[in-house]
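Each remark here refers to the structure printed beneath this line.
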Amino acid sequence: MSVTKVHARQIFDSRGNPTVEVDLHTDKGLFRAAVPSGASTGVHEAVELRDGDKANYVGKGVSKAVNNVNTVLGPELIKSGLKVTQQTEIDDLLIKLDGTPNKGKLGANAILGVSIACVEAGAAEKGVPVYQHLAELAGVKPPYIMPCPAFNVINGGSHAGNKLAFQEFMLLPTGAASFTEAMKIGTETYHTLKKVISAKYGIDAVNVGDEGGFAPNVSGADESLELLTEAISKAGYEGKIKIALDVASSEFYKDGKYDLDFKNPNSDPQKWISGTELADLYLSYVKKYPIVSIEDPFDQDDWEAWTHFTKNSSVQIVGDDLTVTNPLRIKTAIEKKACNGLLLKINQIGTISESIQAAQLAQSDGWGVMVSHRSGETENTIIADLVVALGTGQIKTGAPARSERVAKYNALLRIEGEINDGVYAGDKGLSAGLTAPALLKK
């Protein structure tokens with residue numbers, strides 16, 4: 001069955017910014033996809049095409065990308081006569097129509113909208129759930145793996161107006177027996193953390209950020225880690241919850257140094273630290289707290305610091321801005337032994353096929369793979385299907401708050417209910433130093 005009609009429109013993401021939605025029609029019906037958008041974006045990401053017209057939508061309109069779907073991608077896809085189940089061929093066509101290495105001509109946001117809609121249509125054509133269709137495309141056999149969620153509960157960095165340099169502090173219920181129990185543990189600890197923060201910093205400290213986490217006025221990472229430890233203990237889940245960080249350090253890399261006071265316009269350059277000093281700081285946190293994963297510990301082009309840290313660390317080191325879900329950047333990171341984990345963001349690369357390829361390339365070198373949302377999200381839940389399909393055992397899609405985040409977790413609860421022989425990943429999706437994730441050895 002091929003595509004009969006494609007129509008894109010401008011809608012809004014969870015931050016009130018325009019984004020692309022694509023409706024794709026086949027004889028089986030209408031299939032809809034919406035595209036997310038990031039705030040702390042890596043310089044090596046595929047291009048999100050914005051209008052740049054400051055008089056409208058603060059320059060963030062996506063009418064050009066929408067027009068590219070309606071006048072180029074849609075008509076050419078229909079003309080090709082490709083079946084909706086031919087995902088690789090469809091994505092190849094979309095890439096070829098753009099013709100640039102970073103999807104800068106038509107926009108990764110335009111291309112991804114069409115790519116996701118085709119996945120939905122392909123699953124319907126085969127009469128199977130989306131996760132099963134994606135697993136078949138990726139060559140992954142059951143039993144399906146339910147992921148361990150990484151709940152972003154304390155925000156700093158570019159996502160928050162506090163002094164905190166590190167962007168995300170996450171809770172991972174690795175000790176749960178199922179995804180359903182992981183949600184119970186995660187939500188109960190989230191509510192306990194809310195009480196702890198409220199008692200210490202006042203009621204306005206529990207307003208939530210873009211991803212549903214809290215942004216209390218903490219002085220630094222130590223204070224945040226103490227809050228998490230207290231909340232885990234008070235909720236009664238010591239030993240069942242591990243901690244992960246997303247440092248997003250490219251945001252505070254200046255002149256070859258790291259400025260942990262980067263939000264202060266009068267920050268003292270004498271206090272900026274080297275990559276080695278920052279690595280030592282991380283190692284001290286890993287000793288003191290149950291930290292199992294650190295994302296973007298260094299700048300996206302500070303390869304030396306990455307390699308040094310990965311060699312000396314016993315946890316999962318995740319590349320996000322470093323690798324941008326791009327097979328070429330992942331290859332370089334493998335050669336340099338720069339990290340042992342991939343953050344998989346479908347809009348960093350722009351098609352579902354390339355996302356699958358990126359995950360499998362990372363896994364071929366024994367990396368963990370964490371499927372991820374973006375800070376500007378929609379109600380689309382394709383990443384829930386994708387993480388189950390790929391069996392990577394890790395997903396981060398915000399705190400258990402705000403509907404555009406919870407939509408993904410609810411989709412996973414439904415999938416777990418549907419799968420009879422599903423296995424909960426726990427900590428088995430995490431790499432640890434030179435040790436590959438246990439899931440890869442199955």
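Letters A, B, ... mark the chains of the structure tokens in the order given; residue numbers begin at 1 per chain; ligand numbers begin at 1, in order shown.
The shell of residues at most 10 Å from Ile330 in chain A, with only C-alpha atoms counted and near chain neighbours (fewer than 6 positions) removed, consists of Gly319, Leu322, Thr323, Val324, Lys336, Ala338, Cys339, Gly341, Leu342, Ala358, Ala359, Leu361, Ala362 and Asp365 of chain A.
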Suppose we keep all heavy atoms; can you now write the selection as an mmCIF file, in the first residue's frame?
data_model
loop_
_atom_site.group_PDB
_atom_site.id
_atom_site.type_symbol
_atom_site.label_atom_id
_atom_site.label_comp_id
_atom_site.auth_asym_id
_atom_site.auth_seq_id
_atom_site.Cartn_x
_atom_site.Cartn_y
_atom_site.Cartn_z
ATOM 1 N N GLY A 319 27.276 10.088 25.175
ATOM 2 C CA GLY A 319 27.475 11.174 24.217
ATOM 3 C C GLY A 319 26.135 11.659 23.686
ATOM 4 O O GLY A 319 25.322 10.856 23.222
ATOM 5 N N LEU A 322 28.081 15.390 21.772
ATOM 6 C CA LEU A 322 29.296 14.796 21.171
ATOM 7 C C LEU A 322 28.957 14.004 19.910
ATOM 8 O O LEU A 322 29.628 14.119 18.889
ATOM 9 C CB LEU A 322 29.989 13.867 22.184
ATOM 10 C CG LEU A 322 31.280 13.216 21.691
ATOM 11 C CD1 LEU A 322 32.454 14.177 21.824
ATOM 12 C CD2 LEU A 322 31.582 11.927 22.457
ATOM 13 N N THR A 323 27.920 13.185 19.992
ATOM 14 C CA THR A 323 27.634 12.208 18.932
ATOM 15 C C THR A 323 26.426 12.562 18.056
ATOM 16 O O THR A 323 26.314 12.073 16.933
ATOM 17 C CB THR A 323 27.401 10.822 19.568
ATOM 18 O OG1 THR A 323 26.622 10.994 20.766
ATOM 19 C CG2 THR A 323 28.713 10.171 19.951
ATOM 20 N N VAL A 324 25.511 13.380 18.594
ATOM 21 C CA VAL A 324 24.292 13.848 17.892
ATOM 22 C C VAL A 324 23.605 12.790 17.012
ATOM 23 O O VAL A 324 23.135 13.098 15.922
ATOM 24 C CB VAL A 324 24.541 15.157 17.090
ATOM 25 C CG1 VAL A 324 24.835 16.320 18.014
ATOM 26 C CG2 VAL A 324 25.665 15.011 16.069
ATOM 27 N N LYS A 336 38.119 6.824 18.988
ATOM 28 C CA LYS A 336 38.847 7.551 20.041
ATOM 29 C C LYS A 336 38.551 7.001 21.442
ATOM 30 O O LYS A 336 39.067 7.521 22.436
ATOM 31 C CB LYS A 336 38.475 9.041 19.998
ATOM 32 C CG LYS A 336 38.987 9.781 18.772
ATOM 33 C CD LYS A 336 38.648 11.270 18.867
ATOM 34 C CE LYS A 336 38.995 12.039 17.610
ATOM 35 N NZ LYS A 336 40.428 12.282 17.434
ATOM 36 N N ALA A 338 35.946 7.455 23.158
ATOM 37 C CA ALA A 338 35.554 8.679 23.854
ATOM 38 C C ALA A 338 34.397 8.484 24.823
ATOM 39 O O ALA A 338 34.267 9.226 25.789
ATOM 40 C CB ALA A 338 35.192 9.754 22.835
ATOM 41 N N CYS A 339 33.533 7.499 24.556
ATOM 42 C CA CYS A 339 32.417 7.264 25.480
ATOM 43 C C CYS A 339 31.938 5.830 25.331
ATOM 44 O O CYS A 339 32.430 5.079 24.493
ATOM 45 C CB CYS A 339 31.280 8.252 25.248
ATOM 46 S SG CYS A 339 30.606 8.266 23.584
ATOM 47 N N GLY A 341 28.342 5.208 25.744
ATOM 48 C CA GLY A 341 26.891 5.307 25.718
ATOM 49 C C GLY A 341 26.440 6.327 24.688
ATOM 50 O O GLY A 341 27.118 7.327 24.448
ATOM 51 N N LEU A 342 25.285 6.064 24.071
ATOM 52 C CA LEU A 342 24.726 6.971 23.058
ATOM 53 C C LEU A 342 23.383 7.496 23.531
ATOM 54 O O LEU A 342 22.545 6.725 24.005
ATOM 55 C CB LEU A 342 24.510 6.217 21.738
ATOM 56 C CG LEU A 342 23.814 7.014 20.619
ATOM 57 C CD1 LEU A 342 24.760 8.057 20.030
ATOM 58 C CD2 LEU A 342 23.294 6.091 19.522
ATOM 59 N N ALA A 358 22.146 4.296 13.860
ATOM 60 C CA ALA A 358 23.005 4.916 14.882
ATOM 61 C C ALA A 358 23.038 4.052 16.144
ATOM 62 O O ALA A 358 24.105 3.806 16.718
ATOM 63 C CB ALA A 358 22.500 6.315 15.204
ATOM 64 N N ALA A 359 21.856 3.585 16.571
ATOM 65 C CA ALA A 359 21.775 2.747 17.775
ATOM 66 C C ALA A 359 22.579 1.462 17.588
ATOM 67 O O ALA A 359 23.341 1.053 18.468
ATOM 68 C CB ALA A 359 20.321 2.412 18.081
ATOM 69 N N LEU A 361 25.041 0.826 15.499
ATOM 70 C CA LEU A 361 26.478 1.094 15.405
ATOM 71 C C LEU A 361 27.071 1.235 16.809
ATOM 72 O O LEU A 361 28.117 0.664 17.120
ATOM 73 C CB LEU A 361 26.712 2.369 14.589
ATOM 74 C CG LEU A 361 28.157 2.844 14.446
ATOM 75 C CD1 LEU A 361 29.026 1.781 13.767
ATOM 76 C CD2 LEU A 361 28.219 4.144 13.639
ATOM 77 N N ALA A 362 26.390 1.984 17.673
ATOM 78 C CA ALA A 362 26.851 2.169 19.056
ATOM 79 C C ALA A 362 26.881 0.827 19.792
ATOM 80 O O ALA A 362 27.852 0.497 20.479
ATOM 81 C CB ALA A 362 25.942 3.158 19.776
ATOM 82 N N ASP A 365 29.789 -1.622 19.399
ATOM 83 C CA ASP A 365 31.005 -1.388 20.176
ATOM 84 C C ASP A 365 30.759 -1.559 21.679
ATOM 85 O O ASP A 365 31.556 -1.116 22.501
ATOM 86 C CB ASP A 365 31.551 0.024 19.888
ATOM 87 C CG ASP A 365 33.000 0.178 20.359
ATOM 88 O OD1 ASP A 365 33.840 -0.671 19.994
ATOM 89 O OD2 ASP A 365 33.283 1.132 21.126
#
Can you check which residues of range 121-337 of chain A DSSP gives as alpha helix (DSSP H) on the backbone and send them as a count of residues only? 87
For a quick check of understanding, using only C-alpha atoms, which of A:Asn109, A:Ser63, A:Asn70, A:Thr189 has the smallest distance to Leu24 in chain A? A:Asn70
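Distances to Phe214 in chain A were evaluated for A:Ala389, A:Ser375, A:Pro290, A:Gly398 using only C-alpha atoms, and the minimum falls at A:Gly398.
Considering only C-alpha atoms, the residue among A:Gln300, A:Thr307, A:Thr378, A:Thr392 positioned nearest to Gly366 in chain A is A:Thr392.
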